[in-house]
Protein chains: 2
Amino acid sequence: MTDASYPVRPETTPTRHRERVSYDRAAVHAVLDEALLCHVGFVMDGLPVVLPQLHARVGERLYLHGSSGARALRAAGDAGDGGIPICVTVTLVDGLVLARSAFNHSINSRSVVVHGVARRVTDEAEKRSALTCLVDAVVPGRSDHVRGPSGRELAATTVLALELENVSLKVRSGDPMDEEEDLTLPFWAGVLPLTAGAAPPETAANVAEGIDVPEHVRRWARPAR
Amino acid sequence: MTDASYPVRPETTPTRHRERVSYDRAAVHAVLDEALLCHVGFVMDGLPVVLPQLHARVGERLYLHGSSGARALRAAGDAGDGGIPICVTVTLVDGLVLARSAFNHSINSRSVVVHGVARRVTDEAEKRSALTCLVDAVVPGRSDHVRGPSGRELAATTVLALELENVSLKVRSGDPMDEEEDLTLPFWAGVLPLTAGAAPPETAANVAEGIDVPEHVRRWARPAR
């Protein structure tokens, strides 16, 4: 195991299709950076809760933010000492894998699962920096073209930080894997690749004339696969 | 509260933006049916785990399936009596909401959160029917053009069922909501709508000549928004 990989741990060792799992840091980073949002799981009153959140990766740290459930996450975090155990999962769907058998149907996808204890960001400078990264994670370059948060806004925002230590990536790609005896069945098999993109920007009704769609919005695209 | 809506419960009442929440069954169904996958959270050894899974809605029931973590989910389910508490979250991202202030940036999205106790489907007829629905949820009509599961395959597949009872939908749409005093700032504001689609199907290398891409694959599209 080199520095280029995350350590292999029981929580990040899947029970099936182990050949599809990777701990390569660069590959994990690429998936985290491409994904627009993540799903964050935590335990509240003994029960699981999963909420969509925005994330931004800064080196080996993830910052998380989302209005939905911010208070719930914060409350759960305050209940424990030092942070709240969370699971952050990011899934990119690349294609539908259509086999000759129902059983061998699958999804070409890349998913990252991160386990760890999230800490609430309280330091003002770190919080400001994290929010800048969160804005730029969604639209690169956007933070140079907005008003930054006021003190009141900063106080009203919950940002969590999670270190990337307990991490795994699962990748499924390529053709369907049919059983040998199914290859002569009269069914088509293959992959339907899925695409994601953007439609032309819609300028808000209250934008003054003369303020054009800026370059950072016009050139927006998710990283190529 | 009429039959057309899910009951309002503490777990499905958000702490913020309550005006964005709906319990309308038809609206919830539309989001569940449009989404290709969900994220399922459960508790294992006291810690949260979130895994992507495929889902198919049949009336007021969700069937869940995914190779990833199937064994973990099953084990967690076997540990309890009668089922395992899970949280199923589905998120559709419709657009990036770019405001004049960093604080008012947002995502236009529709997300459904379902809480409940999942039951493992053991009845063979129900399992077969659920798997057919799962295949057709991904590609409508596909199940008529595949070999159905053998007894061995059926036994190797874990399907969970979750009743839609404790359900909420959160919707954010429309223009950015800027502060009054920010409207004169020289920044562009608006929405970048996101799109999802499919590229041309890629026929598997081992498909015999003469087997063309079938209609149900060529016409594939997610439901329009």
# chains A, B, ... in the order shown; residues from 1 in each chain; ligands from 1

$ interface_residues --of "chain B" --to "chain A" --cutoff "7 Å" --atoms "only C-alpha atoms" --output "PyMOL selection string"
chain B and resi 14-16+39+41-43+47-52+68-69+71+85-89+91+100-103+135+145-149+153+175+187-204+207+211-213

$ select_by_dssp --residues "region 42-139 of chain B" --states "alpha helix (DSSP H)" --output "CSV table (one decimal) with N, CA, C and O atoms, in the first residue's frame"
chain,number,residue,atom,x,y,z
B,70,ALA,N,-25.6,-5.4,-0.9
B,70,ALA,CA,-26.7,-6.2,-0.7
B,70,ALA,C,-26.6,-7.1,0.5
B,70,ALA,O,-27.5,-7.3,1.3
B,71,ARG,N,-25.4,-7.6,0.6
B,71,ARG,CA,-25.1,-8.5,1.8
B,71,ARG,C,-25.2,-7.8,3.1
B,71,ARG,O,-25.7,-8.3,4.1
B,72,ALA,N,-24.6,-6.6,3.1
B,72,ALA,CA,-24.6,-5.8,4.3
B,72,ALA,C,-26.0,-5.4,4.7
B,72,ALA,O,-26.4,-5.6,5.9
B,73,LEU,N,-26.9,-5.0,3.7
B,73,LEU,CA,-28.2,-4.7,4.0
B,73,LEU,C,-29.0,-6.0,4.6
B,73,LEU,O,-29.8,-5.9,5.5
B,74,ARG,N,-28.7,-7.1,3.9
B,74,ARG,CA,-29.4,-8.3,4.3
B,74,ARG,C,-29.0,-8.7,5.7
B,74,ARG,O,-29.8,-9.0,6.6
B,75,ALA,N,-27.7,-8.6,6.0
B,75,ALA,CA,-27.2,-8.9,7.3
B,75,ALA,C,-27.8,-8.0,8.4
B,75,ALA,O,-28.2,-8.5,9.4
B,76,ALA,N,-27.8,-6.7,8.1
B,76,ALA,CA,-28.4,-5.8,9.0
B,76,ALA,C,-29.9,-6.1,9.2
B,76,ALA,O,-30.4,-6.0,10.3
B,77,GLY,N,-30.6,-6.5,8.1
B,77,GLY,CA,-32.0,-6.9,8.3
B,77,GLY,C,-32.2,-8.1,9.1
B,77,GLY,O,-33.1,-8.2,9.9
B,78,ASP,N,-31.3,-9.1,8.9
B,78,ASP,CA,-31.4,-10.3,9.6
B,78,ASP,C,-31.2,-10.1,11.1
B,78,ASP,O,-31.7,-10.9,12.0
B,79,ALA,N,-30.4,-9.1,11.4
B,79,ALA,CA,-30.0,-8.9,12.8
B,79,ALA,C,-31.3,-8.4,13.6
B,79,ALA,O,-31.4,-8.8,14.8
B,124,GLU,N,-41.4,-16.1,-3.5
B,124,GLU,CA,-40.8,-16.2,-4.8
B,124,GLU,C,-41.5,-15.4,-5.9
B,124,GLU,O,-40.9,-14.7,-6.7
B,125,ALA,N,-42.8,-15.5,-5.9
B,125,ALA,CA,-43.6,-14.8,-6.9
B,125,ALA,C,-43.5,-13.3,-6.7
B,125,ALA,O,-43.3,-12.6,-7.7
B,126,GLU,N,-43.5,-12.8,-5.5
B,126,GLU,CA,-43.3,-11.4,-5.3
B,126,GLU,C,-41.9,-10.9,-5.7
B,126,GLU,O,-41.7,-9.9,-6.3
B,127,LYS,N,-40.9,-11.8,-5.5
B,127,LYS,CA,-39.5,-11.4,-5.8
B,127,LYS,C,-39.4,-11.4,-7.4
B,127,LYS,O,-38.8,-10.4,-7.9
B,128,ARG,N,-40.0,-12.3,-8.0
B,128,ARG,CA,-39.9,-12.3,-9.5
B,128,ARG,C,-40.6,-11.0,-10.1
B,128,ARG,O,-40.1,-10.4,-10.9
B,129,SER,N,-41.8,-10.7,-9.5
B,129,SER,CA,-42.5,-9.6,-10.0
B,129,SER,C,-41.7,-8.3,-9.7
B,129,SER,O,-41.6,-7.4,-10.5
B,130,ALA,N,-41.1,-8.2,-8.5
B,130,ALA,CA,-40.3,-7.0,-8.1
B,130,ALA,C,-39.1,-6.9,-9.1
B,130,ALA,O,-38.8,-5.7,-9.5
B,131,LEU,N,-38.5,-8.0,-9.4
B,131,LEU,CA,-37.3,-7.9,-10.3
B,131,LEU,C,-37.7,-7.4,-11.7
B,131,LEU,O,-37.0,-6.6,-12.3
B,132,THR,N,-38.9,-7.9,-12.1
B,132,THR,CA,-39.4,-7.4,-13.4
B,132,THR,C,-39.6,-5.9,-13.4
B,132,THR,O,-39.2,-5.1,-14.3
B,133,CYS,N,-40.2,-5.4,-12.3
B,133,CYS,CA,-40.4,-4.0,-12.1
B,133,CYS,C,-39.1,-3.2,-12.1
B,133,CYS,O,-39.0,-2.1,-12.6
B,134,LEU,N,-38.1,-3.8,-11.4
B,134,LEU,CA,-36.8,-3.1,-11.3
B,134,LEU,C,-36.2,-3.0,-12.7
B,134,LEU,O,-35.6,-1.9,-13.0
B,135,VAL,N,-36.3,-4.0,-13.5
B,135,VAL,CA,-35.7,-3.9,-14.8
B,135,VAL,C,-36.4,-2.9,-15.7
B,135,VAL,O,-35.8,-2.1,-16.3
B,136,ASP,N,-37.8,-2.9,-15.6
B,136,ASP,CA,-38.6,-2.0,-16.3
B,136,ASP,C,-38.5,-0.5,-15.8
B,136,ASP,O,-38.8,0.4,-16.6
B,137,ALA,N,-38.1,-0.4,-14.5
B,137,ALA,CA,-38.0,1.0,-14.0
B,137,ALA,C,-36.8,1.6,-14.6
B,137,ALA,O,-36.8,2.9,-14.8
B,138,VAL,N,-35.8,0.9,-15.0
B,138,VAL,CA,-34.6,1.4,-15.6
B,138,VAL,C,-34.8,1.6,-17.1
B,138,VAL,O,-34.5,2.7,-17.7

$ residues_around --residues "Leu169 (chain B)" --least-positions-apart "4" --cutoff "8 Å" --atoms "only C-alpha atoms" --output "NGL selection string"
:B and (21-24 or 27-28 or 110-113)

$ residues_around --residues "Arg57 (chain A)" --least-positions-apart "5" --cutoff "7 Å" --atoms "only C-alpha atoms" --output "CSV table (one decimal) with all heavy atoms, in the first residue's frame"
chain,number,residue,atom,x,y,z
A,33,ASP,N,-14.8,15.3,-7.3
A,33,ASP,CA,-14.8,16.6,-8.0
A,33,ASP,C,-15.8,16.7,-9.1
A,33,ASP,O,-16.3,17.8,-9.4
A,33,ASP,CB,-13.4,16.9,-8.5
A,33,ASP,CG,-12.4,17.0,-7.4
A,33,ASP,OD1,-12.8,17.1,-6.2
A,33,ASP,OD2,-11.2,17.1,-7.7
A,62,LEU,N,-13.1,17.0,2.9
A,62,LEU,CA,-14.4,17.3,2.3
A,62,LEU,C,-15.1,18.4,3.1
A,62,LEU,O,-15.2,18.2,4.3
A,62,LEU,CB,-15.3,16.1,2.2
A,62,LEU,CG,-15.3,15.2,1.0
A,62,LEU,CD1,-16.5,14.3,1.1
A,62,LEU,CD2,-15.4,16.0,-0.4
A,63,TYR,N,-15.6,19.4,2.5
A,63,TYR,CA,-16.5,20.3,3.2
A,63,TYR,C,-17.9,20.1,2.7
A,63,TYR,O,-18.2,19.8,1.5
A,63,TYR,CB,-16.2,21.8,2.9
A,63,TYR,CG,-14.9,22.2,3.6
A,63,TYR,CD1,-13.7,22.5,2.9
A,63,TYR,CD2,-14.9,22.4,5.0
A,63,TYR,CE1,-12.6,22.9,3.6
A,63,TYR,CE2,-13.7,22.8,5.7
A,63,TYR,CZ,-12.6,23.0,4.9
A,63,TYR,OH,-11.4,23.4,5.6

$ select_by_dssp --residues "region 53-209 of chain A" --states "strand (DSSP E or B)" --output "ChimeraX atom specification"
/A:53-58,61-65,84-98,101,106-120,147,160-163,166-172,190-198,202-203

$ closest_residue --among "A:Val159, A:Leu164, A:Val171, A:Val117" --to "Glu60 (chain A)" --atoms "only C-alpha atoms"
A:Leu164

$ atom_distance --atom1 "CA of Ser168 (chain B)" --atom2 "CA of Tyr6 (chain B)"
7.5 Å

$ atom_distance --atom1 "CA of Gly141 (chain A)" --atom2 "CA of Glu215 (chain A)"
9.2 Å
